[in-house]
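Chemist: This one is my_file19.pdb, PDB, C-alpha atoms.
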ATOM      1  CA  MET A  12       0.000   0.000   0.000
ATOM      2  CA  LYS A  13       1.228   3.490  -0.843
ATOM      3  CA  TRP A  14       2.560   5.549   2.014
ATOM      4  CA  GLN A  15       0.085   7.882   3.660
ATOM      5  CA  GLN A  16       1.032  10.845   5.812
ATOM      6  CA  VAL A  17       1.763   8.693   8.852
ATOM      7  CA  GLU A  18       4.308   6.572   6.946
ATOM      8  CA  LYS A  19       6.002   9.712   5.608
ATOM      9  CA  GLU A  20       6.207  11.153   9.111
ATOM     10  CA  ASN A  21       7.656   7.887  10.404
ATOM     11  CA  TRP A  22      10.268   7.968   7.643
ATOM     12  CA  TYR A  23      11.120  11.572   8.547
ATOM     13  CA  LYS A  24      11.602  10.687  12.212
ATOM     14  CA  GLN A  25      14.182   8.096  11.210
ATOM     15  CA  GLN A  26      16.398  10.650   9.445
ATOM     16  CA  THR A  27      19.417  12.073  11.275
ATOM     17  CA  ILE A  28      21.839  14.931  10.696
ATOM     18  CA  LYS A  29      25.116  13.518   9.370
ATOM     19  CA  ARG A  30      27.021  16.646   8.283
ATOM     20  CA  SER A  31      26.815  20.416   8.473
ATOM     21  CA  TYR A  32      25.424  22.543   5.647
ATOM     22  CA  GLN A  33      26.541  25.681   7.475
ATOM     23  CA  ASP A  34      30.138  24.513   7.958
ATOM     24  CA  GLU A  35      30.646  22.712   4.653
ATOM     25  CA  VAL A  36      28.599  24.803   2.212
ATOM     26  CA  VAL A  37      27.497  28.188   3.584
ATOM     27  CA  ARG A  38      31.011  28.942   4.799
ATOM     28  CA  LYS A  39      32.317  28.419   1.245
ATOM     29  CA  ILE A  40      29.524  30.557  -0.208
ATOM     30  CA  LYS A  41      30.388  33.422   2.138
ATOM     31  CA  LYS A  42      34.001  33.301   0.941
ATOM     32  CA  LEU A  43      32.786  34.036  -2.598
ATOM     33  CA  GLU A  44      31.103  37.316  -1.665
ATOM     34  CA  SER A  45      34.092  39.395  -2.789
ATOM     35  CA  GLN A  46      33.945  37.833  -6.266
ATOM     36  CA  TYR A  47      30.174  37.510  -6.833
ATOM     37  CA  ASP A  48      26.789  38.879  -5.880
ATOM     38  CA  VAL A  49      25.461  36.407  -3.325
ATOM     39  CA  GLU A  50      21.693  36.585  -2.838
ATOM     40  CA  MET A  51      19.731  34.666  -0.226
ATOM     41  CA  TYR A  52      16.558  33.812  -2.136
ATOM     42  CA  GLY A  53      14.718  32.066   0.677
ATOM     43  CA  ALA A  54      15.082  29.474   3.422
ATOM     44  CA  LEU A  55      13.536  26.095   4.111
ATOM     45  CA  SER A  56      10.656  26.245   6.574
ATOM     46  CA  GLU A  57      12.106  23.090   8.150
ATOM     47  CA  ASN A  58      14.603  25.413   9.901
ATOM     48  CA  PRO A  59      15.040  28.839   8.244
ATOM     49  CA  ASP A  60      18.133  29.789  10.237
ATOM     50  CA  ARG A  61      19.845  26.520   9.461
ATOM     51  CA  TYR A  62      18.819  26.217   5.805
ATOM     52  CA  PRO A  63      19.153  29.521   3.921
ATOM     53  CA  LEU A  64      19.199  29.205   0.119
ATOM     54  CA  PHE A  65      21.617  31.089  -2.101
ATOM     55  CA  LEU A  66      21.875  32.203  -5.713
ATOM     56  CA  ILE A  67      25.357  33.369  -6.726
ATOM     57  CA  ARG A  68      25.679  35.636  -9.750
ATOM     58  CA  SER A  69      28.343  37.532 -11.684
ATOM     59  CA  LYS A  70      28.837  40.980 -10.181
ATOM     60  CA  LYS A  71      28.563  42.601 -13.610
ATOM     61  CA  PHE A  72      25.455  40.826 -14.853
ATOM     62  CA  ASP A  73      25.212  42.127 -18.405
ATOM     63  CA  PRO A  74      21.833  41.626 -20.158
ATOM     64  CA  SER A  75      23.595  41.617 -23.528
ATOM     65  CA  LYS A  76      25.537  38.473 -22.605
ATOM     66  CA  LYS A  77      24.284  34.909 -22.600
ATOM     67  CA  THR A  78      23.669  33.439 -19.132
ATOM     68  CA  ILE A  79      25.063  30.148 -17.872
ATOM     69  CA  LEU A  80      23.166  28.456 -15.021
ATOM     70  CA  ILE A  81      24.782  25.874 -12.744
ATOM     71  CA  THR A  82      22.772  23.940 -10.173
ATOM     72  CA  GLY A  83      23.948  21.499  -7.520
ATOM     73  CA  GLY A  84      22.481  19.661  -4.587
ATOM     74  CA  VAL A  85      19.034  19.122  -6.096
ATOM     75  CA  HIS A  86      19.546  15.723  -4.526
ATOM     76  CA  GLY A  87      21.314  16.690  -1.324
ATOM     77  CA  TYR A  88      23.202  13.415  -0.953
ATOM     78  CA  GLU A  89      25.038  13.936  -4.261
ATOM     79  CA  THR A  90      28.011  15.674  -2.700
ATOM     80  CA  SER A  91      30.256  16.449  -5.658
ATOM     81  CA  GLY A  92      27.439  18.352  -7.349
ATOM     82  CA  VAL A  93      27.408  20.873  -4.512
ATOM     83  CA  HIS A  94      31.165  21.171  -4.184
ATOM     84  CA  GLY A  95      31.765  20.970  -7.922
ATOM     85  CA  ALA A  96      29.529  24.017  -8.414
ATOM     86  CA  LEU A  97      31.372  25.916  -5.675
ATOM     87  CA  GLY A  98      34.739  24.728  -6.975
ATOM     88  CA  PHE A  99      33.946  25.985 -10.462
ATOM     89  CA  LEU A 100      33.035  29.422  -9.103
ATOM     90  CA  ASP A 101      36.193  29.573  -7.015
ATOM     91  CA  LYS A 102      38.703  28.154  -9.497
ATOM     92  CA  ALA A 103      37.456  28.393 -13.069
ATOM     93  CA  ALA A 104      34.524  30.756 -13.610
ATOM     94  CA  ALA A 105      36.677  33.883 -13.992
ATOM     95  CA  ARG A 106      37.926  32.542 -17.345
ATOM     96  CA  TYR A 107      34.401  32.749 -18.754
ATOM     97  CA  GLU A 108      32.925  35.895 -17.233
ATOM     98  CA  HIS A 109      34.047  38.088 -20.129
ATOM     99  CA  GLN A 110      31.821  36.047 -22.446
ATOM    100  CA  PHE A 111      28.982  34.927 -20.155
ATOM    101  CA  ASN A 112      26.926  35.852 -17.147
ATOM    102  CA  ILE A 113      27.257  33.136 -14.503
ATOM    103  CA  ALA A 114      24.435  32.174 -12.127
ATOM    104  CA  CYS A 115      24.724  29.311  -9.655
ATOM    105  CA  ALA A 116      22.512  27.714  -7.022
ATOM    106  CA  PRO A 117      25.039  25.351  -5.405
ATOM    107  CA  CYS A 118      22.785  23.525  -2.948
ATOM    108  CA  ILE A 119      19.061  23.554  -3.697
ATOM    109  CA  SER A 120      18.243  20.941  -1.016
ATOM    110  CA  PRO A 121      20.227  21.694   2.153
ATOM    111  CA  TRP A 122      18.157  19.522   4.526
ATOM    112  CA  ALA A 123      18.812  16.576   2.240
ATOM    113  CA  TYR A 124      22.498  17.558   2.134
ATOM    114  CA  GLU A 125      22.733  17.288   5.910
ATOM    115  CA  THR A 126      20.762  14.047   6.191
ATOM    116  CA  ILE A 127      22.351  12.537   3.026
ATOM    117  CA  ASN A 128      19.003  11.998   1.323
ATOM    118  CA  ARG A 129      17.554  11.930  -2.164
ATOM    119  CA  TRP A 130      14.176  13.165  -0.912
ATOM    120  CA  ASN A 131      13.300  16.313   0.986
ATOM    121  CA  ALA A 132      11.860  16.286   4.511
ATOM    122  CA  LYS A 133       8.388  15.447   3.155
ATOM    123  CA  ALA A 134       9.620  12.366   1.260
ATOM    124  CA  ILE A 135       9.364  14.193  -2.086
ATOM    125  CA  ASP A 136      12.010  13.858  -4.795
ATOM    126  CA  PRO A 137      12.805  17.454  -5.826
ATOM    127  CA  ASN A 138      14.160  16.297  -9.169
ATOM    128  CA  ARG A 139      10.724  15.148 -10.225
ATOM    129  CA  SER A 140       9.031  18.282  -8.911
ATOM    130  CA  PHE A 141      10.190  21.363 -10.831
ATOM    131  CA  TYR A 142       6.864  22.928 -11.780
ATOM    132  CA  LEU A 143       4.687  25.798 -10.576
ATOM    133  CA  GLU A 144       2.841  25.055  -7.322
ATOM    134  CA  SER A 145       5.267  22.198  -6.713
ATOM    135  CA  PRO A 146       4.784  20.229  -3.491
ATOM    136  CA  ALA A 147       8.561  20.556  -2.947
ATOM    137  CA  GLU A 148       9.408  23.827  -1.234
ATOM    138  CA  GLU A 149      12.961  23.629  -2.601
ATOM    139  CA  CYS A 150      11.591  23.722  -6.156
ATOM    140  CA  ARG A 151       9.038  26.484  -5.572
ATOM    141  CA  LEU A 152      11.623  28.808  -4.032
ATOM    142  CA  PHE A 153      14.172  28.150  -6.767
ATOM    143  CA  LEU A 154      11.651  28.648  -9.582
ATOM    144  CA  LYS A 155      10.530  31.959  -8.083
ATOM    145  CA  ALA A 156      14.128  33.173  -7.696
ATOM    146  CA  THR A 157      15.087  32.300 -11.284
ATOM    147  CA  ALA A 158      11.855  33.153 -13.119
ATOM    148  CA  ASN A 159      13.545  35.861 -15.217
ATOM    149  CA  LEU A 160      16.924  34.200 -15.693
ATOM    150  CA  ASN A 161      16.463  32.757 -19.228
ATOM    151  CA  PRO A 162      19.725  30.766 -19.346
ATOM    152  CA  TYR A 163      21.459  29.940 -22.615
ATOM    153  CA  ALA A 164      22.975  26.803 -21.063
ATOM    154  CA  HIS A 165      22.233  24.868 -17.886
ATOM    155  CA  PHE A 166      24.545  22.422 -16.112
ATOM    156  CA  ASP A 167      22.755  20.393 -13.416
ATOM    157  CA  LEU A 168      25.328  18.499 -11.347
ATOM    158  CA  HIS A 169      24.435  15.061  -9.963
ATOM    159  CA  GLU A 170      25.853  11.709  -8.879
ATOM    160  CA  THR A 171      24.725   8.111  -9.337
ATOM    161  CA  THR A 172      25.640   6.182  -6.189
ATOM    162  CA  ASP A 173      25.484   2.587  -5.026
ATOM    163  CA  THR A 174      22.881   3.704  -2.469
ATOM    164  CA  ASP A 175      20.524   4.419  -5.372
ATOM    165  CA  ASN A 176      20.012   0.652  -5.509
ATOM    166  CA  THR A 177      20.508  -0.237  -1.846
ATOM    167  CA  VAL A 178      18.585   2.614  -0.165
ATOM    168  CA  PHE A 179      16.733   5.067  -2.372
ATOM    169  CA  ARG A 180      15.073   2.902  -5.009
ATOM    170  CA  PRO A 181      13.831   0.366  -2.420
ATOM    171  CA  ALA A 182      12.372   3.290  -0.452
ATOM    172  CA  LEU A 183      10.648   4.552  -3.593
ATOM    173  CA  GLU A 184       9.141   1.118  -4.195
ATOM    174  CA  GLN A 185       7.751   1.145  -0.655
ATOM    175  CA  ARG A 186       6.515   4.747  -0.785
ATOM    176  CA  ASP A 187       4.656   4.313  -4.084
ATOM    177  CA  ASP A 188       3.865   0.573  -3.794
ATOM    178  CA  ILE A 189       5.530  -0.193  -7.118
ATOM    179  CA  VAL A 190       8.220  -2.509  -8.479
ATOM    180  CA  ILE A 191      11.151  -0.896 -10.303
ATOM    181  CA  GLU A 192      13.123  -2.982 -12.768
ATOM    182  CA  PHE A 193      16.667  -3.467 -11.488
ATOM    183  CA  SER A 194      19.436  -1.572 -13.284
ATOM    184  CA  SER A 195      23.063  -1.854 -12.239
ATOM    185  CA  ILE A 196      24.879   1.329 -11.228
ATOM    186  CA  PRO A 197      27.166   2.508 -14.048
ATOM    187  CA  ASP A 198      30.861   2.446 -13.159
ATOM    188  CA  GLY A 199      31.961   5.900 -14.240
ATOM    189  CA  PHE A 200      30.836   9.319 -15.387
ATOM    190  CA  TYR A 201      27.985   9.924 -17.829
ATOM    191  CA  THR A 202      25.632  12.711 -18.866
ATOM    192  CA  VAL A 203      21.893  12.916 -19.415
ATOM    193  CA  GLY A 204      20.805  15.049 -22.349
ATOM    194  CA  ASP A 205      17.308  16.187 -23.295
ATOM    195  CA  THR A 206      15.368  13.855 -25.597
ATOM    196  CA  GLU A 207      13.739  16.887 -27.225
ATOM    197  CA  ASN A 208      17.022  18.803 -27.605
ATOM    198  CA  PRO A 209      19.873  16.292 -27.226
ATOM    199  CA  ARG A 210      22.824  18.364 -28.500
ATOM    200  CA  PRO A 211      25.108  15.348 -28.961
ATOM    201  CA  GLU A 212      28.208  17.393 -29.828
ATOM    202  CA  PHE A 213      27.794  19.418 -26.607
ATOM    203  CA  GLN A 214      27.440  16.225 -24.559
ATOM    204  CA  LYS A 215      30.509  14.741 -26.286
ATOM    205  CA  ALA A 216      32.585  17.809 -25.429
ATOM    206  CA  ILE A 217      31.629  17.391 -21.775
ATOM    207  CA  VAL A 218      32.497  13.686 -21.766
ATOM    208  CA  ASP A 219      35.823  14.330 -23.530
ATOM    209  CA  SER A 220      36.721  16.951 -20.924
ATOM    210  CA  VAL A 221      35.837  14.669 -18.006
ATOM    211  CA  LYS A 222      37.905  11.831 -19.522
ATOM    212  CA  LYS A 223      40.995  13.773 -18.497
ATOM    213  CA  VAL A 224      39.898  13.513 -14.860
ATOM    214  CA  THR A 225      38.068  10.202 -14.421
ATOM    215  CA  HIS A 226      36.725   7.198 -16.320
ATOM    216  CA  ILE A 227      33.545   7.168 -18.399
ATOM    217  CA  ALA A 228      30.757   4.663 -17.751
ATOM    218  CA  PRO A 229      30.469   1.890 -20.361
ATOM    219  CA  ALA A 230      27.141   0.570 -21.590
ATOM    220  CA  ASN A 231      25.872  -2.662 -20.056
ATOM    221  CA  GLU A 232      25.269  -5.899 -21.980
ATOM    222  CA  LYS A 233      21.954  -4.474 -23.259
ATOM    223  CA  GLY A 234      23.617  -1.330 -24.628
ATOM    224  CA  GLN A 235      22.081   0.737 -21.828
ATOM    225  CA  LEU A 236      22.880   2.924 -18.835
ATOM    226  CA  ILE A 237      20.388   2.830 -15.927
ATOM    227  CA  GLY A 238      17.859   1.245 -18.254
ATOM    228  CA  GLU A 239      18.165   3.880 -20.990
ATOM    229  CA  LYS A 240      19.564   3.582 -24.511
ATOM    230  CA  PHE A 241      23.271   4.401 -24.832
ATOM    231  CA  GLU A 242      23.316   7.296 -27.336
ATOM    232  CA  GLN A 243      27.094   7.646 -27.554
ATOM    233  CA  GLU A 244      30.006   7.160 -25.176
ATOM    234  CA  GLY A 245      28.857   8.268 -21.729
ATOM    235  CA  VAL A 246      25.539   9.785 -22.863
ATOM    236  CA  ILE A 247      21.863   8.907 -22.436
ATOM    237  CA  ASN A 248      18.794  11.108 -22.942
ATOM    238  CA  TYR A 249      15.680  11.728 -20.832
ATOM    239  CA  PRO A 250      12.492  13.714 -21.574
ATOM    240  CA  LEU A 251      13.574  16.336 -19.041
ATOM    241  CA  LYS A 252      10.525  18.603 -19.164
ATOM    242  CA  LYS A 253       8.047  15.731 -19.036
ATOM    243  CA  LEU A 254       9.726  14.330 -15.917
ATOM    244  CA  PHE A 255       9.885  17.785 -14.233
ATOM    245  CA  LEU A 256      13.670  17.535 -13.866
ATOM    246  CA  CYS A 257      15.759  20.538 -12.898
ATOM    247  CA  ALA A 258      17.618  20.610 -16.226
ATOM    248  CA  GLY A 259      14.306  20.793 -18.082
ATOM    249  CA  ILE A 260      12.925  23.918 -16.433
ATOM    250  CA  PHE A 261      14.034  26.678 -18.771
ATOM    251  CA  LYS A 262      14.321  25.034 -22.187
ATOM    252  CA  PRO A 263      17.828  26.465 -22.694
ATOM    253  CA  GLN A 264      19.598  25.972 -25.987
ATOM    254  CA  PHE A 265      22.069  23.673 -24.237
ATOM    255  CA  CYS A 266      21.574  21.603 -21.104
ATOM    256  CA  THR A 267      23.074  18.588 -19.418
ATOM    257  CA  THR A 268      22.717  16.606 -16.233
ATOM    258  CA  THR A 269      26.086  15.304 -15.091
ATOM    259  CA  GLU A 270      26.344  11.979 -13.257
ATOM    260  CA  VAL A 271      29.522  11.271 -11.313
ATOM    261  CA  TYR A 272      30.141   7.828  -9.735
ATOM    262  CA  PRO A 273      31.650   8.465  -6.273
ATOM    263  CA  ASP A 274      31.700   4.813  -5.115
ATOM    264  CA  SER A 275      34.315   3.660  -7.610
ATOM    265  CA  PRO A 276      37.639   2.499  -6.112
ATOM    266  CA  LYS A 277      39.279   4.503  -8.909
ATOM    267  CA  VAL A 278      38.175   7.897  -7.548
ATOM    268  CA  THR A 279      38.481  10.148  -4.517
ATOM    269  CA  ASP A 280      36.153  12.876  -3.293
ATOM    270  CA  GLN A 281      38.402  15.438  -4.959
ATOM    271  CA  ILE A 282      38.421  13.574  -8.280
ATOM    272  CA  CYS A 283      34.610  13.631  -8.233
ATOM    273  CA  ILE A 284      34.599  17.382  -7.612
ATOM    274  CA  ASP A 285      37.199  17.909 -10.352
ATOM    275  CA  ALA A 286      35.079  15.846 -12.749
ATOM    276  CA  GLN A 287      32.108  18.171 -12.171
ATOM    277  CA  ILE A 288      34.312  21.210 -12.814
ATOM    278  CA  ALA A 289      35.704  19.574 -15.967
ATOM    279  CA  ALA A 290      32.160  18.909 -17.174
ATOM    280  CA  ILE A 291      31.282  22.594 -16.895
ATOM    281  CA  THR A 292      34.503  23.870 -18.457
ATOM    282  CA  GLY A 293      34.300  21.316 -21.271
ATOM    283  CA  GLY A 294      30.768  22.419 -22.072
ATOM    284  CA  LEU A 295      31.635  26.115 -21.913
ATOM    285  CA  ASP A 296      34.716  25.678 -24.093
ATOM    286  CA  PHE A 297      32.473  23.989 -26.663
ATOM    287  CA  LEU A 298      30.037  26.909 -26.562
ATOM    288  CA  LEU A 299      32.864  29.370 -27.071
ATOM    289  CA  ARG A 300      34.105  27.392 -30.100
TER     290      ARG A 300
END
How would this structure read if it were set down as structure tokens?

Modeler:
Amino acid sequence: MKWQQVEKENWYKQQTIKRSYQDEVVRKIKKLESQYDVEMYGALSENPDRYPLFLIRSKKFDPSKKTILITGGVHGYETSGVHGALGFLDKAAARYEHQFNIACAPCISPWAYETINRWNAKAIDPNRSFYLESPAEECRLFLKATANLNPYAHFDLHETTDTDNTVFRPALEQRDDIVIEFSSIPDGFYTVGDTENPRPEFQKAIVDSVKKVTHIAPANEKGQLIGEKFEQEGVINYPLKKLFLCAGIFKPQFCTTTEVYPDSPKVTDQICIDAQIAAITGGLDFLLR
């Protein structure tokens, strides 16, 4: 039977704080204030003092330039997405600010960051909830803050972890009383393009850039990644808008969802962060070409 409110509340009571958003994320955001305009666009009602939300933008935001949007932490447990976004701003974004406006929301789901969760505190997956009047507060606040942004390109930074199969997908089966066909976790980096606007050359440039940092996920014996057709090395496509995914919000000319594999014995936390940065720079270098 599908979860009712009592089951969702019971699930919530089982969640515990495992790391600090303030110490690990907000502290880094504050250090960027000399380089960027840092705007607090809201806070989670779960604990407004603990979970402020930030949008970081180029100080000289020029309406004549194209805008690049970077999002991380839509799924709070996907650590390198958050720190890859912040690392790009700190280490690499200055190379591109003459050509582009940069806007970044580095951690859209801070409660989930602290509890290492895919869902928010109400057992809702934010990355299936980006639409007006969304039940996910994280999505509503972000959509309101970015309503006039109109990005030319959007990089949404994610991870695919072993816990997707051991924790999060089993929980989804219980919550929705469904059975999900098993798909093995890809060993390596891949991207998810938009079925309606796949931009294969853009995705290839991202994959080629990340290759210099970490390995790329191969297709399985069915020629698939996570149950989807392998379009080219390290690339699958999703109907982003139809699924209400973050990367499908704005219909930019170019968009990608990055997927880093942090559980591989071949990588470290820093390699995963560097792979996210390489994905962004590889995509931006392609756009400049």

Chemist: Could you give me, as an mmCIF file with C-alpha atoms, keeping the file's coordinate frame, the residues that have an atom at most 10 Å away from the point (22.5, 24.6, 0.9) in the coordinates of the file, using only C-alpha atoms?

Modeler:
data_model
loop_
_atom_site.group_PDB
_atom_site.id
_atom_site.type_symbol
_atom_site.label_atom_id
_atom_site.label_comp_id
_atom_site.auth_asym_id
_atom_site.auth_seq_id
_atom_site.Cartn_x
_atom_site.Cartn_y
_atom_site.Cartn_z
ATOM 1 C CA SER A 31 26.815 20.416 8.473
ATOM 2 C CA TYR A 32 25.424 22.543 5.647
ATOM 3 C CA GLN A 33 26.541 25.681 7.475
ATOM 4 C CA GLU A 35 30.646 22.712 4.653
ATOM 5 C CA VAL A 36 28.599 24.803 2.212
ATOM 6 C CA VAL A 37 27.497 28.188 3.584
ATOM 7 C CA ILE A 40 29.524 30.557 -0.208
ATOM 8 C CA ALA A 54 15.082 29.474 3.422
ATOM 9 C CA LEU A 55 13.536 26.095 4.111
ATOM 10 C CA ARG A 61 19.845 26.520 9.461
ATOM 11 C CA TYR A 62 18.819 26.217 5.805
ATOM 12 C CA PRO A 63 19.153 29.521 3.921
ATOM 13 C CA LEU A 64 19.199 29.205 0.119
ATOM 14 C CA PHE A 65 21.617 31.089 -2.101
ATOM 15 C CA GLY A 83 23.948 21.499 -7.520
ATOM 16 C CA GLY A 84 22.481 19.661 -4.587
ATOM 17 C CA VAL A 85 19.034 19.122 -6.096
ATOM 18 C CA GLY A 87 21.314 16.690 -1.324
ATOM 19 C CA VAL A 93 27.408 20.873 -4.512
ATOM 20 C CA ALA A 116 22.512 27.714 -7.022
ATOM 21 C CA PRO A 117 25.039 25.351 -5.405
ATOM 22 C CA CYS A 118 22.785 23.525 -2.948
ATOM 23 C CA ILE A 119 19.061 23.554 -3.697
ATOM 24 C CA SER A 120 18.243 20.941 -1.016
ATOM 25 C CA PRO A 121 20.227 21.694 2.153
ATOM 26 C CA TRP A 122 18.157 19.522 4.526
ATOM 27 C CA ALA A 123 18.812 16.576 2.240
ATOM 28 C CA TYR A 124 22.498 17.558 2.134
ATOM 29 C CA GLU A 125 22.733 17.288 5.910
#

Chemist: Using all atoms listed in the file, which of A:Arg151, A:Gln243, A:Arg129, A:Gln46 sits nearest A:Lys102?

Modeler: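 Among A:Arg151, A:Gln243, A:Arg129, A:Gln46, it is A:Gln46 that comes nearest to A:Lys102.
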
Chemist: Set the distance at 9 Å and use all atoms listed in the file: which residues neighbour A:Asp73 once local chain neighbours fewer than 5 positions away are removed? I'd like the list as a PDB file with C-alpha atoms, keeping the file's coordinate frame.

Modeler:
ATOM      1  CA  THR A  78      23.669  33.439 -19.132  1.00  0.00           C
ATOM      2  CA  PHE A 111      28.982  34.927 -20.155  1.00  0.00           C
ATOM      3  CA  ASN A 112      26.926  35.852 -17.147  1.00  0.00           C
TER       4      ASN A 112
END

Chemist: Using all atoms listed in the file, can you tell me which of A:Ser195, A:Asp274, A:Phe141, A:Gly293 comes closest to A:Leu251?

Modeler: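 Counting all atoms listed in the file, the residue closest to A:Leu251 is A:Phe141.
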
Chemist: Just the number, please: distance in Å from atom CA of A:Pro59 to atom CA of A:Ser91, one decimal.

Modeler: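 That distance, rounded to one decimal, is 24.0 Å.
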
Chemist: Calculate how many Å separate atom CA of A:Cys150 from atom CA of A:Asp205, rounding to one decimal.

Modeler: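 Atom CA of A:Cys150 sits 19.6 Å away from atom CA of A:Asp205.
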
Chemist: Write out as a PDB file with C-alpha atoms, in the frame of the given file the residues lying within 12 Å of A:Asp219, counting all atoms listed in the file and excluding same-chain residues fewer than 3 positions away.

Modeler:
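To be explicit, this is the file written out as result-v5.pdb:
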ATOM      1  CA  PHE A 200      30.836   9.319 -15.387  1.00  0.00           C
ATOM      2  CA  TYR A 201      27.985   9.924 -17.829  1.00  0.00           C
ATOM      3  CA  THR A 202      25.632  12.711 -18.866  1.00  0.00           C
ATOM      4  CA  GLU A 212      28.208  17.393 -29.828  1.00  0.00           C
ATOM      5  CA  PHE A 213      27.794  19.418 -26.607  1.00  0.00           C
ATOM      6  CA  GLN A 214      27.440  16.225 -24.559  1.00  0.00           C
ATOM      7  CA  LYS A 215      30.509  14.741 -26.286  1.00  0.00           C
ATOM      8  CA  ALA A 216      32.585  17.809 -25.429  1.00  0.00           C
ATOM      9  CA  LYS A 222      37.905  11.831 -19.522  1.00  0.00           C
ATOM     10  CA  LYS A 223      40.995  13.773 -18.497  1.00  0.00           C
ATOM     11  CA  VAL A 224      39.898  13.513 -14.860  1.00  0.00           C
ATOM     12  CA  THR A 225      38.068  10.202 -14.421  1.00  0.00           C
ATOM     13  CA  HIS A 226      36.725   7.198 -16.320  1.00  0.00           C
ATOM     14  CA  ILE A 227      33.545   7.168 -18.399  1.00  0.00           C
ATOM     15  CA  GLN A 243      27.094   7.646 -27.554  1.00  0.00           C
ATOM     16  CA  GLU A 244      30.006   7.160 -25.176  1.00  0.00           C
ATOM     17  CA  GLY A 245      28.857   8.268 -21.729  1.00  0.00           C
ATOM     18  CA  VAL A 246      25.539   9.785 -22.863  1.00  0.00           C
ATOM     19  CA  ALA A 286      35.079  15.846 -12.749  1.00  0.00           C
ATOM     20  CA  ALA A 289      35.704  19.574 -15.967  1.00  0.00           C
ATOM     21  CA  ALA A 290      32.160  18.909 -17.174  1.00  0.00           C
ATOM     22  CA  ILE A 291      31.282  22.594 -16.895  1.00  0.00           C
ATOM     23  CA  THR A 292      34.503  23.870 -18.457  1.00  0.00           C
ATOM     24  CA  GLY A 293      34.300  21.316 -21.271  1.00  0.00           C
ATOM     25  CA  GLY A 294      30.768  22.419 -22.072  1.00  0.00           C
ATOM     26  CA  ASP A 296      34.716  25.678 -24.093  1.00  0.00           C
ATOM     27  CA  PHE A 297      32.473  23.989 -26.663  1.00  0.00           C
TER      28      PHE A 297
END

Chemist: Just checking: using all atoms listed in the file, which residue out of A:Pro209, A:Arg186, A:Asn21, A:Ile113 ends up closest to A:Leu100?

Modeler: A:Ile113

Chemist: Any idea what the distance is between atom CA of A:Asp136 and atom CA of A:Cys115?

Modeler: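 It comes out at 20.6 Å.
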
Chemist: Could you check which of A:Asn208, A:Ala132, A:Gly199, A:Leu160 is closest to A:Pro229, using all atoms listed in the file?

Modeler: A:Gly199

Chemist: Nearest residue to A:Ile135 out of A:Asn161, A:Ser45, A:Thr171, A:Gln16, using only C-alpha atoms?

Modeler: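 Checking each candidate against A:Ile135, we get A:Gln16 as the closest.
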
Chemist: List the residues sitting within 7 Å of (25.3, 34.4, -9.2) in the file's frame, using all atoms listed in the file, as number ranges by chain.

Modeler: A: 47-49, 66-69, 113-115

Chemist: Pick out the closest residue to A:Leu97 from this set: A:Ala164, A:Cys257, A:Ile288, A:Ile28. Count all atoms listed in the file.

Modeler: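 Smallest distance to A:Leu97 is found for A:Ile288.
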
Chemist: Once the PyMOL selection byres ((chain A and resi 272) around 12) is applied to the coordinates I shared, what remains selected? I want it as a JSON list (two decimals) with C-alpha atoms, in the coordinates of the input.

Modeler:
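Result file result11.json:
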[["chain", "number", "residue", "atom", "x", "y", "z"],
["A", 89, "GLU", "CA", 25.04, 13.94, -4.26],
["A", 90, "THR", "CA", 28.01, 15.67, -2.70],
["A", 91, "SER", "CA", 30.26, 16.45, -5.66],
["A", 92, "GLY", "CA", 27.44, 18.35, -7.35],
["A", 168, "LEU", "CA", 25.33, 18.50, -11.35],
["A", 169, "HIS", "CA", 24.44, 15.06, -9.96],
["A", 170, "GLU", "CA", 25.85, 11.71, -8.88],
["A", 171, "THR", "CA", 24.72, 8.11, -9.34],
["A", 172, "THR", "CA", 25.64, 6.18, -6.19],
["A", 173, "ASP", "CA", 25.48, 2.59, -5.03],
["A", 174, "THR", "CA", 22.88, 3.70, -2.47],
["A", 175, "ASP", "CA", 20.52, 4.42, -5.37],
["A", 196, "ILE", "CA", 24.88, 1.33, -11.23],
["A", 197, "PRO", "CA", 27.17, 2.51, -14.05],
["A", 198, "ASP", "CA", 30.86, 2.45, -13.16],
["A", 199, "GLY", "CA", 31.96, 5.90, -14.24],
["A", 200, "PHE", "CA", 30.84, 9.32, -15.39],
["A", 201, "TYR", "CA", 27.98, 9.92, -17.83],
["A", 202, "THR", "CA", 25.63, 12.71, -18.87],
["A", 225, "THR", "CA", 38.07, 10.20, -14.42],
["A", 226, "HIS", "CA", 36.72, 7.20, -16.32],
["A", 227, "ILE", "CA", 33.54, 7.17, -18.40],
["A", 228, "ALA", "CA", 30.76, 4.66, -17.75],
["A", 269, "THR", "CA", 26.09, 15.30, -15.09],
["A", 270, "GLU", "CA", 26.34, 11.98, -13.26],
["A", 271, "VAL", "CA", 29.52, 11.27, -11.31],
["A", 273, "PRO", "CA", 31.65, 8.46, -6.27],
["A", 274, "ASP", "CA", 31.70, 4.81, -5.12],
["A", 275, "SER", "CA", 34.32, 3.66, -7.61],
["A", 276, "PRO", "CA", 37.64, 2.50, -6.11],
["A", 277, "LYS", "CA", 39.28, 4.50, -8.91],
["A", 278, "VAL", "CA", 38.17, 7.90, -7.55],
["A", 279, "THR", "CA", 38.48, 10.15, -4.52],
["A", 280, "ASP", "CA", 36.15, 12.88, -3.29],
["A", 282, "ILE", "CA", 38.42, 13.57, -8.28],
["A", 283, "CYS", "CA", 34.61, 13.63, -8.23],
["A", 284, "ILE", "CA", 34.60, 17.38, -7.61],
["A", 286, "ALA", "CA", 35.08, 15.85, -12.75],
["A", 287, "GLN", "CA", 32.11, 18.17, -12.17]]

Chemist: Would you translate the PyMOL selection byres ((chain A and resi 146) around 12) into the concrete set of residues it matches in this file, as a ChimeraX atom specification?

Modeler: /A:131-145,147-152
